[in-house]
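Enquirer: Quick one: structure below, then a few questions.
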Amino acid sequence: MWKNRVRRQHTLLAIIRHYSRISPPPPACSDPVIRVSKTNIAHLGGPKKGPKPRQLLSLPPFPGHPLPGKNSGSGKPGRVTAISWVKYYFDEIADPVIQSHFNKGLVQMACPSSEDSYVDKEQMKPMRKIRPNEVMEAGARVYIPVSVAETRISKRYDTIPSGTLYPNADEIQYLQRLVKYKDSAIMVLNKPPRVPVKGNLPVHNSMDALAAAALSYDYDEGPKLVHRLDRESSGLLLMGRTKESVDHLQWLFSDINKGNPSCKAWNDACQATYRRYWALVIGSPREKEGLICAPLTKVLLNDGKTERVILAHQSGLEASQEAITEYRVLGPMISGCSWIELRPVTSRKHQLRVHCAEALGTPIVGDYKYGWFIHQRWKQMPRVDIEPTTGQPYKLRRPEGLDVQKGSVLSKVPLLHLHCRELVLPNISKFLQVLDQKSENLHPEVSLKPDLLRFVGSMPSHMKISWNLMSSYLV
């Protein structure tokens with residue numbers, strides 16, 4: 001009987017424990033492992049955490065044809081290695097930086113497919129590491145961490161010349177440092193922000209006036225404008241040095257060029273001309289790649305003086321101009337903003353700013369004219385030193401001794417984040433002889449020059465700061 005009584009108590013306790021409402025504490029780790037430290041002490045804990053996910057930058061699909069502005073002296077124009085393609089796209093980045101990313105195995109590639117496009121779940125795509133000498137195939141996409149484009153920011157801000165048509169020696173040196181390329185026909189400058197391109201009587205510090213006063217070099221007259229950039233924007237600005245080159249370049253950037261039937265090489269070079277911009281926008285477009293076909297029209301505001309460019313209505317009752325822009329999202333959205341690449345097919349006033357604000361619904365950071373409705377609620381990016389996912393501190397890439405809030409996303413009033421980064425155009429100095437003589441017969445030395453010229457301009461300081469700050473969130 002005594003044994004039966006004990007057995008009943010154990011059964012009752014088992015039943016009570018089984019129906020108890022007090023749940024046991026969860027285990028510290030589902031798969032505990034024994035880890036030995038450097039001092040030979042064993043610890044029981046969870047598995048070692050893997051590397052943090054990196055924010056990847058998407059390069060455009062490999063075109064598969066000879067790269068513009070790239071000479072192929074080996075006789076194999078179709079063979080382009082992976083490191084050559086990355087160096088070509090990031091022309092302003094030092095070669096050792098790109099080489100180190102390959103050595104660390106950080107450069108990956110997604111296999112090309114007929115319906116491959118950049119999507120939100122790019123991290124889930126089948127990726128594979130690529131070697132520097134691997135030959136690129138048409139349509140292949142390369143992904144590389146944003147750290148490849150991080151650059152050191154100068155602690156010294158150059159003073160923009162202003163208030164005089166006769167710049168002094170320091171201002172002349174400053175303007176000459178902006179020149180990226182010059183030959184007998186053209187000159188390419190990297191325009192800083194907040195400098196007007198075309199000046200009127202009250203404005204003396206415009207690029208055309210300063211170039212005429214300081215960039216004539218051995219010519220009688222200074223270079224002339226052939227296209228324009230907004231005052232607040234920055235980037236590559238092309239100027240012609242002779243009357244013939246100015247005429248051809250203005251015809252090239254107009255939307256009515258018909259080509260020259262006497263020179264096929266010139267026509268092919270004109271068809272390959274393009275400009276690419278980098279912009280930081282508020283939000284992210286729904287589609288990560290696309291073509292914007294939205295005509296533009298001008299309206300007069302209530303003050304009777306100010307003009308504004310808006311999207312034209314589909315009714316067609318008002319005068320409008322065709323406007324086409326290609327866009328591509330460079331990476332994921334971070335802190336409500338994302339970097340995109342813009343390629344205007346047409347050249348309209350404020351085309352990129354209006355298309356971003358009204359067509360895509362993602363105004364450019366610092367665009368208070370067309371994105372005022374968003375900037376009214378603008379909140380500067382907090383100086384977060386704690387990673388939100390793990391709660392652990394991490395290091396931001398902030399340059400020491402520099403006011404990082406000056407115009408960047410940390411500023412209460414950020415500057416316009418729109419930069420003309422890449423420019424490809426015909427080699428005017430080579431084709432001038434052909435176009436003037438109406439013949440394709442060139443001197444052997446001239447014929448060896450490339451048909452296309454390509455330039456890449458580095459971003460201004462406030463955009464570099466924003467890039468470095470935002471890229472440090474996931475790196």
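Chains: A, B, ... in order of the structure tokens. Residues: from 1 per chain. Ligands: from 1, in order shown.
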Got a sec: who's within 9 Å of range 282-296 of chain A, counting only C-alpha atoms, leaving out chain neighbours fewer than 3 positions off, as a short mmCIF file (atom, residue, chain, number, x, y, z; two decimals) with C-alpha atoms, in the first residue's frame?
Expert:
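Saved result, selection-v7.cif, follows:
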```cif
data_model
loop_
_atom_site.label_atom_id
_atom_site.label_comp_id
_atom_site.auth_asym_id
_atom_site.auth_seq_id
_atom_site.Cartn_x
_atom_site.Cartn_y
_atom_site.Cartn_z
CA SER A 117 16.47 43.79 -62.86
CA TYR A 118 17.46 45.42 -59.61
CA VAL A 119 14.89 44.55 -56.97
CA ASP A 120 14.49 45.17 -53.26
CA VAL A 309 8.42 74.14 -64.54
CA ILE A 310 5.70 71.52 -63.97
CA LEU A 311 4.48 68.35 -65.63
CA ALA A 312 2.25 69.11 -68.60
CA HIS A 313 -1.37 67.94 -68.49
CA GLN A 314 -2.46 65.19 -70.83
CA ALA A 319 2.45 74.39 -74.87
CA SER A 320 4.79 71.66 -73.64
CA GLN A 321 8.16 70.13 -74.41
CA GLU A 322 9.03 66.47 -74.55
CA ALA A 323 11.19 65.35 -71.61
CA ILE A 324 12.68 61.86 -71.22
CA THR A 325 14.87 60.62 -68.36
CA GLU A 326 16.32 57.21 -67.59
CA TYR A 327 16.81 56.40 -63.91
CA ARG A 328 18.27 53.58 -61.83
CA VAL A 329 18.37 53.09 -58.06
CA LEU A 330 21.91 52.55 -56.84
CA PRO A 332 18.66 50.31 -50.70
CA MET A 333 16.93 53.12 -48.84
CA ILE A 334 18.69 54.29 -45.68
CA SER A 335 17.11 56.67 -43.14
CA GLY A 336 14.36 57.53 -45.61
CA CYS A 337 16.72 58.48 -48.47
CA SER A 338 18.23 56.62 -51.43
CA TRP A 339 20.86 57.28 -54.08
CA ILE A 340 19.76 57.13 -57.71
CA ARG A 348 15.05 70.70 -70.57
CA LYS A 349 15.24 73.28 -67.83
CA GLN A 351 14.06 68.37 -66.06
CA VAL A 354 10.80 67.99 -61.76
CA HIS A 355 10.87 64.34 -62.84
CA CYS A 356 12.21 63.27 -59.44
CA ALA A 359 6.96 61.92 -61.72
CA LEU A 360 8.73 59.64 -59.20
CA GLY A 361 7.42 61.30 -56.04
CA THR A 362 10.94 61.40 -54.55
CA PRO A 363 12.24 65.00 -54.40
CA ILE A 364 15.98 65.58 -54.38
CA VAL A 365 17.44 66.45 -50.99
CA ILE A 374 8.61 67.49 -48.19
#
```
Enquirer: Report as a compact mmCIF listing (two decimals) with all heavy atoms, in the first residue's frame all protein, DNA and RNA residues lying within 9 Å of Glu244 in chain A, evaluated on only C-alpha atoms, omitting residues in the same chain fewer than 4 positions from it.
Expert:
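Written out: selection.txt:
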```txt
# COMPACT_ATOMS: atom_id res chain seq x y z
N ALA A 185 40.06 72.24 -78.63
CA ALA A 185 38.66 72.52 -78.98
C ALA A 185 37.75 72.70 -77.77
O ALA A 185 36.82 73.51 -77.81
CB ALA A 185 38.10 71.40 -79.86
N GLY A 240 33.29 75.27 -74.97
CA GLY A 240 34.03 75.26 -76.22
C GLY A 240 35.05 76.37 -76.28
O GLY A 240 34.80 77.49 -75.84
N HIS A 248 29.39 73.20 -83.06
CA HIS A 248 29.12 71.76 -83.13
C HIS A 248 28.60 71.22 -81.80
O HIS A 248 27.71 70.35 -81.78
CB HIS A 248 30.38 71.00 -83.54
CG HIS A 248 30.77 71.20 -84.98
ND1 HIS A 248 29.98 70.78 -86.03
CD2 HIS A 248 31.86 71.79 -85.54
CE1 HIS A 248 30.57 71.08 -87.18
NE2 HIS A 248 31.71 71.70 -86.91
N LEU A 249 29.13 71.71 -80.69
CA LEU A 249 28.68 71.23 -79.39
C LEU A 249 27.26 71.70 -79.07
O LEU A 249 26.45 70.95 -78.51
CB LEU A 249 29.65 71.69 -78.30
CG LEU A 249 31.02 71.01 -78.30
CD1 LEU A 249 31.95 71.66 -77.30
CD2 LEU A 249 30.88 69.52 -77.99
N LEU A 432 36.77 67.80 -86.06
CA LEU A 432 36.65 69.12 -86.70
C LEU A 432 37.24 69.10 -88.10
O LEU A 432 36.69 69.72 -89.02
CB LEU A 432 37.34 70.19 -85.83
CG LEU A 432 36.52 70.77 -84.68
CD1 LEU A 432 37.34 71.78 -83.90
CD2 LEU A 432 35.24 71.40 -85.21
```
Enquirer: Between CA of His417 in chain A and CA of Gly366 in chain A, what is the spacing in Å?
Expert: 6.2 Å
Enquirer: Please identify which residues in range 195-253 of chain A DSSP calls alpha helix (DSSP H) from the backbone, and express them as an mmCIF file with N, CA, C and O atoms, in the first residue's frame.
Expert:
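And here is the file that came out, part-v9.cif:
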```cif
data_model
loop_
_atom_site.group_PDB
_atom_site.id
_atom_site.type_symbol
_atom_site.label_atom_id
_atom_site.label_comp_id
_atom_site.auth_asym_id
_atom_site.auth_seq_id
_atom_site.Cartn_x
_atom_site.Cartn_y
_atom_site.Cartn_z
ATOM 1 N N MET A 207 30.126 81.313 -64.043
ATOM 2 C CA MET A 207 31.190 80.516 -64.635
ATOM 3 C C MET A 207 31.631 81.061 -65.980
ATOM 4 O O MET A 207 32.825 81.022 -66.304
ATOM 5 N N ASP A 208 30.704 81.584 -66.777
ATOM 6 C CA ASP A 208 31.111 82.103 -68.088
ATOM 7 C C ASP A 208 31.978 83.345 -67.951
ATOM 8 O O ASP A 208 32.967 83.521 -68.668
ATOM 9 N N ALA A 209 31.648 84.236 -66.990
ATOM 10 C CA ALA A 209 32.457 85.441 -66.802
ATOM 11 C C ALA A 209 33.814 85.111 -66.203
ATOM 12 O O ALA A 209 34.854 85.652 -66.626
ATOM 13 N N LEU A 210 33.839 84.211 -65.234
ATOM 14 C CA LEU A 210 35.111 83.850 -64.617
ATOM 15 C C LEU A 210 36.004 83.085 -65.584
ATOM 16 O O LEU A 210 37.218 83.265 -65.598
ATOM 17 N N ALA A 211 35.394 82.224 -66.423
ATOM 18 C CA ALA A 211 36.190 81.485 -67.405
ATOM 19 C C ALA A 211 36.785 82.433 -68.446
ATOM 20 O O ALA A 211 37.928 82.237 -68.889
ATOM 21 N N ALA A 212 36.010 83.439 -68.844
ATOM 22 C CA ALA A 212 36.542 84.409 -69.809
ATOM 23 C C ALA A 212 37.707 85.197 -69.237
ATOM 24 O O ALA A 212 38.614 85.603 -69.967
ATOM 25 N N ALA A 213 37.704 85.413 -67.904
ATOM 26 C CA ALA A 213 38.751 86.223 -67.288
ATOM 27 C C ALA A 213 39.961 85.410 -66.859
ATOM 28 O O ALA A 213 41.065 85.953 -66.782
ATOM 29 N N ALA A 214 39.769 84.112 -66.571
ATOM 30 C CA ALA A 214 40.866 83.353 -65.966
ATOM 31 C C ALA A 214 41.244 82.096 -66.725
ATOM 32 O O ALA A 214 42.286 81.510 -66.412
ATOM 33 N N LYS A 243 35.125 78.956 -82.072
ATOM 34 C CA LYS A 243 33.786 79.174 -82.607
ATOM 35 C C LYS A 243 33.246 77.907 -83.266
ATOM 36 O O LYS A 243 32.058 77.568 -83.129
ATOM 37 N N GLU A 244 34.106 77.181 -83.976
ATOM 38 C CA GLU A 244 33.670 75.955 -84.644
ATOM 39 C C GLU A 244 33.244 74.895 -83.621
ATOM 40 O O GLU A 244 32.203 74.243 -83.780
ATOM 41 N N SER A 245 34.039 74.720 -82.568
ATOM 42 C CA SER A 245 33.688 73.710 -81.572
ATOM 43 C C SER A 245 32.428 74.090 -80.814
ATOM 44 O O SER A 245 31.597 73.222 -80.492
ATOM 45 N N VAL A 246 32.234 75.380 -80.551
ATOM 46 C CA VAL A 246 31.019 75.826 -79.861
ATOM 47 C C VAL A 246 29.792 75.538 -80.710
ATOM 48 O O VAL A 246 28.760 75.052 -80.214
ATOM 49 N N ASP A 247 29.880 75.793 -81.997
ATOM 50 C CA ASP A 247 28.736 75.540 -82.891
ATOM 51 C C ASP A 247 28.383 74.059 -82.928
ATOM 52 O O ASP A 247 27.203 73.685 -82.839
ATOM 53 N N HIS A 248 29.391 73.196 -83.055
ATOM 54 C CA HIS A 248 29.123 71.758 -83.125
ATOM 55 C C HIS A 248 28.599 71.218 -81.799
ATOM 56 O O HIS A 248 27.715 70.350 -81.776
ATOM 57 N N LEU A 249 29.128 71.714 -80.689
ATOM 58 C CA LEU A 249 28.678 71.233 -79.388
ATOM 59 C C LEU A 249 27.259 71.704 -79.071
ATOM 60 O O LEU A 249 26.453 70.951 -78.507
ATOM 61 N N GLN A 250 26.939 72.938 -79.408
ATOM 62 C CA GLN A 250 25.571 73.406 -79.203
ATOM 63 C C GLN A 250 24.592 72.617 -80.062
ATOM 64 O O GLN A 250 23.480 72.305 -79.626
ATOM 65 N N TRP A 251 24.999 72.286 -81.277
ATOM 66 C CA TRP A 251 24.155 71.434 -82.126
ATOM 67 C C TRP A 251 24.021 70.034 -81.526
ATOM 68 O O TRP A 251 22.954 69.423 -81.576
ATOM 69 N N LEU A 252 25.116 69.544 -80.906
ATOM 70 C CA LEU A 252 25.099 68.207 -80.331
ATOM 71 C C LEU A 252 24.132 68.120 -79.154
ATOM 72 O O LEU A 252 23.400 67.134 -79.008
ATOM 73 N N PHE A 253 24.100 69.139 -78.303
ATOM 74 C CA PHE A 253 23.245 69.117 -77.120
ATOM 75 C C PHE A 253 21.826 69.594 -77.403
ATOM 76 O O PHE A 253 20.983 69.558 -76.506
#
```
Enquirer: Just give me the gap between CA of Gly407 in chain A and CA of Gln55 in chain A in Å, one decimal is fine.
Expert: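 According to the coordinates, CA of Gly407 in chain A and CA of Gln55 in chain A are separated by 23.4 Å.
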Enquirer: One decimal, Å: what's the distance from CA of Ser466 in chain A over to CA of Pro414 in chain A, could you say?
Expert: 9.9 Å
Enquirer: Quick one: residues within 10 Å of Asp268 in chain A, only C-alpha atoms counted, chain neighbours fewer than 5 positions away excluded, as a list in words?
Expert: Gly259, Cys263, Thr273, Pro426, Asp451 and Leu452 of chain A
Enquirer: Leaving out range 78-94 of chain A and any residue of its chain fewer than 4 positions from it, which residues lie within 7 Å of it when counting only C-alpha atoms, given as a list in words?
Expert: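 So, after excluding close chain neighbours, the residues are Gly64, His65, Pro66, Ile98, Pro132, Asn133, Glu134, Val135, Met136, Ala149, Val456, Gly457 and Ser458 of chain A.
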Enquirer: Could you write out that same residue set with N, CA, C and O atoms as a PDB file, in the first residue's frame?
Expert:
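Saved as part-v3.pdb:
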```pdb
ATOM      1  N   GLY A  64      28.611  45.366 -73.059  1.00  0.00           N
ATOM      2  CA  GLY A  64      28.996  44.344 -74.021  1.00  0.00           C
ATOM      3  C   GLY A  64      29.646  44.877 -75.271  1.00  0.00           C
ATOM      4  O   GLY A  64      30.123  44.117 -76.101  1.00  0.00           O
ATOM      5  N   HIS A  65      29.722  46.196 -75.450  1.00  0.00           N
ATOM      6  CA  HIS A  65      30.389  46.786 -76.610  1.00  0.00           C
ATOM      7  C   HIS A  65      31.622  47.535 -76.127  1.00  0.00           C
ATOM      8  O   HIS A  65      31.799  47.721 -74.918  1.00  0.00           O
ATOM      9  N   PRO A  66      32.507  47.974 -76.997  1.00  0.00           N
ATOM     10  CA  PRO A  66      33.679  48.721 -76.535  1.00  0.00           C
ATOM     11  C   PRO A  66      33.277  49.907 -75.667  1.00  0.00           C
ATOM     12  O   PRO A  66      32.392  50.688 -76.010  1.00  0.00           O
ATOM     13  N   ILE A  98      40.158  49.875 -55.242  1.00  0.00           N
ATOM     14  CA  ILE A  98      39.368  48.870 -55.968  1.00  0.00           C
ATOM     15  C   ILE A  98      40.034  47.506 -55.885  1.00  0.00           C
ATOM     16  O   ILE A  98      39.365  46.480 -55.709  1.00  0.00           O
ATOM     17  N   PRO A 132      39.463  39.272 -60.259  1.00  0.00           N
ATOM     18  CA  PRO A 132      39.757  40.500 -61.020  1.00  0.00           C
ATOM     19  C   PRO A 132      39.917  40.252 -62.510  1.00  0.00           C
ATOM     20  O   PRO A 132      39.542  41.102 -63.322  1.00  0.00           O
ATOM     21  N   ASN A 133      40.469  39.094 -62.889  1.00  0.00           N
ATOM     22  CA  ASN A 133      40.748  38.830 -64.304  1.00  0.00           C
ATOM     23  C   ASN A 133      39.600  38.123 -65.017  1.00  0.00           C
ATOM     24  O   ASN A 133      39.757  37.681 -66.153  1.00  0.00           O
ATOM     25  N   GLU A 134      38.458  37.997 -64.371  1.00  0.00           N
ATOM     26  CA  GLU A 134      37.328  37.339 -65.017  1.00  0.00           C
ATOM     27  C   GLU A 134      36.761  38.220 -66.125  1.00  0.00           C
ATOM     28  O   GLU A 134      36.569  39.425 -65.941  1.00  0.00           O
ATOM     29  N   VAL A 135      36.483  37.631 -67.277  1.00  0.00           N
ATOM     30  CA  VAL A 135      35.999  38.376 -68.442  1.00  0.00           C
ATOM     31  C   VAL A 135      34.508  38.649 -68.275  1.00  0.00           C
ATOM     32  O   VAL A 135      33.721  37.756 -67.948  1.00  0.00           O
ATOM     33  N   MET A 136      34.124  39.897 -68.486  1.00  0.00           N
ATOM     34  CA  MET A 136      32.733  40.299 -68.346  1.00  0.00           C
ATOM     35  C   MET A 136      31.927  39.867 -69.567  1.00  0.00           C
ATOM     36  O   MET A 136      32.428  39.874 -70.700  1.00  0.00           O
ATOM     37  N   ALA A 149      33.380  53.824 -52.783  1.00  0.00           N
ATOM     38  CA  ALA A 149      33.246  55.216 -53.217  1.00  0.00           C
ATOM     39  C   ALA A 149      33.443  56.208 -52.084  1.00  0.00           C
ATOM     40  O   ALA A 149      33.265  57.407 -52.290  1.00  0.00           O
ATOM     41  N   VAL A 456      34.790  61.708 -65.605  1.00  0.00           N
ATOM     42  CA  VAL A 456      34.087  61.427 -64.358  1.00  0.00           C
ATOM     43  C   VAL A 456      34.515  62.473 -63.341  1.00  0.00           C
ATOM     44  O   VAL A 456      35.721  62.655 -63.106  1.00  0.00           O
ATOM     45  N   GLY A 457      33.534  63.162 -62.756  1.00  0.00           N
ATOM     46  CA  GLY A 457      33.818  64.221 -61.790  1.00  0.00           C
ATOM     47  C   GLY A 457      33.440  63.795 -60.385  1.00  0.00           C
ATOM     48  O   GLY A 457      32.384  63.199 -60.152  1.00  0.00           O
ATOM     49  N   SER A 458      34.310  64.087 -59.427  1.00  0.00           N
ATOM     50  CA  SER A 458      34.049  63.731 -58.032  1.00  0.00           C
ATOM     51  C   SER A 458      32.959  64.624 -57.448  1.00  0.00           C
ATOM     52  O   SER A 458      32.753  65.763 -57.874  1.00  0.00           O
TER      53      SER A 458
END
```
